[in-house]
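What follows is one structure encoded as structure tokens, with my remarks underneath.
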Amino acid sequence: MRVRNRKIELKSPADIEAMRVVCQLAADTLCKVDGILRPGITTEEINAFVHEDTLAKGAVPAPLNYRGFPKSTCTSINEVVCHGIPGSRAVEPGDIINVDITHIFDGYYGDTSATFYIGEPNDEAKHVVEVCRRSLELGMAQVRDGARLGDIGAAIQEFVEGHGCSVVRDFVGHGIGRKFHMEPMVSHVGKFGNGPKLKTGMIFTIEPMINLGKADVEILDDGWTAVTTDRSLSAQFEHTIVVTDTGCEILTERNRPLLQSERYPDYFG
């Protein structure tokens with residue numbers, strides 16, 4: 001999402017509590033997706049599961065019909081960076097797939113995603129996924145009242161490029177609340193000390209898209225699906241967070257591990 005950094009909304013305690021609720025609903029759906037993934041499942045079957053689980057919670061799938069997007073979730077396999085449209089494609093052993101979940105509940109939006117392994121990954125797939133996962137953790141670690149927005153992207157970029165991967169520039173994190181996309185624009189590249197000051201009560205997503213090859217992407221003819229131009233593998237992880245006085249609260253923190261994603265906790269030692 002491309003937005004300009006204008007006034008960044010500070011959420012009230014009531015807003016933050018409402019965001020906790022919707023973000024936990026989205027996180028729960030993502031955990032349930034972890035339980036259904038297997039070789040041979042189609043992305044449309046994943047979409048149908050997400051759609052029904054969202055409705056069962058009394059929530060609404062935010063992607064459906066958003067700016068014309070035709071499905072209730074995004075499913076991005078291998079070289080697909082983001083916004084993959086669910087359809088007849090089935091995942092195969094060795095694939096990686098990002099599933100992006102956004103719920104609307106009581107007028108608020110909660111947004112999260114993870115990249116999953118299908119079967120046993122090769123070394124390249126494992127590397128890009130684990131670099132991406134760690135980069136999100138490092139980006140979130142920069143967040144606190146008084147820090148600068150650019151600190152997030154700087155930490156992500158430094159780590160990712162230091163491990164031989166690249167950071168997608170075309171898509172960014174975003175403010176979120178009663179709207180799907182709001183200020184600030186959260187770039188995943190940057191310089192330490194640059195950008196607006198973060199303040200307690202700001203809520204936004206951090207969602208780095210990391211490529212094994214070059215950072216360049218292109219949009220396919222469907223107008224949505226973004227792929228790496230060199231067709232290298234791409235991974236993404238996303239959390240919605242709220243800035244606190246001393247750090248951040250991860251609103252989409254999961255209450256159980258993703259067994260088909262969080263397989264290599266000691267990858268970086």
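Residue names in the structure tokens use chain letters A, B, ... in the order shown, residue numbers from 1 in each chain, and ligand numbers from 1 in the order shown.
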TODO: Mind checking which residues fall within 8 Å of Tyr117 in chain A, counting only C-alpha atoms, ignoring those fewer than 4 positions away in the same chain, and posting them as JSON, numbers by chain?
DONE: {"A": [94, 95, 96, 97, 121, 260, 261]}
Just write the chosen residues, C-alpha atoms, as an mmCIF file, in the first residue's frame.
```cif
data_model
loop_
_atom_site.group_PDB
_atom_site.id
_atom_site.type_symbol
_atom_site.label_atom_id
_atom_site.label_comp_id
_atom_site.auth_asym_id
_atom_site.auth_seq_id
_atom_site.Cartn_x
_atom_site.Cartn_y
_atom_site.Cartn_z
ATOM 1 C CA GLY A 94 9.009 -27.942 -1.303
ATOM 2 C CA ASP A 95 6.805 -24.891 -1.925
ATOM 3 C CA ILE A 96 6.585 -21.925 0.401
ATOM 4 C CA ILE A 97 3.304 -20.041 0.710
ATOM 5 C CA PRO A 121 12.196 -26.950 2.094
ATOM 6 C CA GLN A 260 4.430 -25.507 9.411
ATOM 7 C CA SER A 261 6.213 -22.177 9.651
#
```
TODO: Find the residues around Leu233 in chain A up to 10 Å (only C-alpha atoms counted), leave out those fewer than 5 positions away in its own chain, and share them as a list in words.
DONE: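 My list of contacting residues is Ile77, Asn78, Glu79, Val80, Val81, Asp95, Ile96, Glu124, Ala125, His127, Val128, Val129, Ile210, Asn211, Leu212, Gly213, Lys214, Val227 and Thr228 of chain A.
Across the model, the gap from CA of Pro93 in chain A to CA of Ala226 in chain A is 22.2 Å.
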Open item on the list: Please determine, counting only C-alpha atoms, which residue among A:Glu120, A:Glu238, A:Glu45, A:Glu161 has the shortest atom-to-atom distance to Thr102 in chain A.
Closed with: A:Glu238
TODO: Excluding range 59-69 of chain A and any residue of its chain fewer than 4 positions from it, enumerate the residues within 12 Å of it, using only C-alpha atoms, and give them as number ranges by chain.
DONE: A: 1, 21-26, 29, 47-55, 73-75, 83-86, 100-112, 178-181, 222-225
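Taking only range 110-152 of chain A, the residues that DSSP calls alpha helix (DSSP H) from the backbone come to Asp123, Glu124, Ala125, Lys126, His127, Val128, Val129, Glu130, Val131, Cys132, Arg133, Arg134, Ser135, Leu136, Glu137, Leu138, Gly139, Met140, Ala141, Leu149, Gly150, Asp151 and Ile152 of chain A.
Closest approach to Gln157 in chain A among A:Val143, A:Met185, A:Leu136, A:Cys82 is made by A:Leu136 (distances from only C-alpha atoms).
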- [ ] Kindly indicate which residue among A:Gly201, A:Gly164, A:Asn98, A:Gly87 lies nearest to Ala14 in chain A, using only C-alpha atoms for the distances.
- [x]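 Among the listed residues, the smallest separation from Ala14 in chain A belongs to A:Gly201.
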Open item on the list: For a test of reading the model, state the distance in Å between CA of Asp28 in chain A and CA of Gly58 in chain A, rounded to one decimal.
Closed with: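 CA of Asp28 in chain A sits 13.3 Å away from CA of Gly58 in chain A.
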TODO: Quick one: pick out all strand (DSSP E) residues within range 20-248 of chain A from a backbone DSSP run and write them as a VMD selection string.
DONE: chain A and resid 60 to 61 74 to 77 80 to 82 96 to 105 108 to 117 166 to 167 173 to 175 182 to 186 203 to 206 209 to 211 217 to 219 226 to 228 234 to 236 239 to 243 248
- [ ] Compile the contact shell of Glu158 in chain A as an MDAnalysis selection string: residues with an atom at most 10 Å away, counting only C-alpha atoms, same-chain residues fewer than 2 positions apart removed.
- [x] chainID A and resid 135 138 153:156 160:163 166:167 189:191
Could you take the residues named above and write them with C-alpha atoms, as an mmCIF file, in the first residue's frame?
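After the write, part.cif holds the following:
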```cif
data_model
loop_
_atom_site.group_PDB
_atom_site.id
_atom_site.type_symbol
_atom_site.label_atom_id
_atom_site.label_comp_id
_atom_site.auth_asym_id
_atom_site.auth_seq_id
_atom_site.Cartn_x
_atom_site.Cartn_y
_atom_site.Cartn_z
ATOM 1 C CA SER A 135 13.924 -9.213 9.927
ATOM 2 C CA LEU A 138 14.391 -6.874 14.382
ATOM 3 C CA GLY A 153 13.316 -0.069 7.834
ATOM 4 C CA ALA A 154 16.978 0.527 8.607
ATOM 5 C CA ALA A 155 17.145 -2.467 10.938
ATOM 6 C CA ILE A 156 15.323 -4.689 8.450
ATOM 7 C CA VAL A 160 18.421 -8.691 5.123
ATOM 8 C CA GLU A 161 21.119 -7.341 2.836
ATOM 9 C CA GLY A 162 23.769 -8.617 5.235
ATOM 10 C CA HIS A 163 22.390 -12.105 4.634
ATOM 11 C CA SER A 166 16.850 -8.052 -0.884
ATOM 12 C CA VAL A 167 14.003 -5.942 0.491
ATOM 13 C CA VAL A 189 14.234 0.119 4.087
ATOM 14 C CA GLY A 190 15.520 3.309 5.649
ATOM 15 C CA LYS A 191 18.092 5.149 7.709
#
```
Open item on the list: I'd like the interatomic distance between CA of Ser76 in chain A and CA of Ile203 in chain A, to a tenth of an Å.
Closed with: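 The value is 25.1 Å.
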Task: Nearest to Gly175 in chain A by atom-to-atom distance, counting only C-alpha atoms, from A:Arg231, A:Lys71, A:Arg89, A:Lys11 - done: A:Lys11
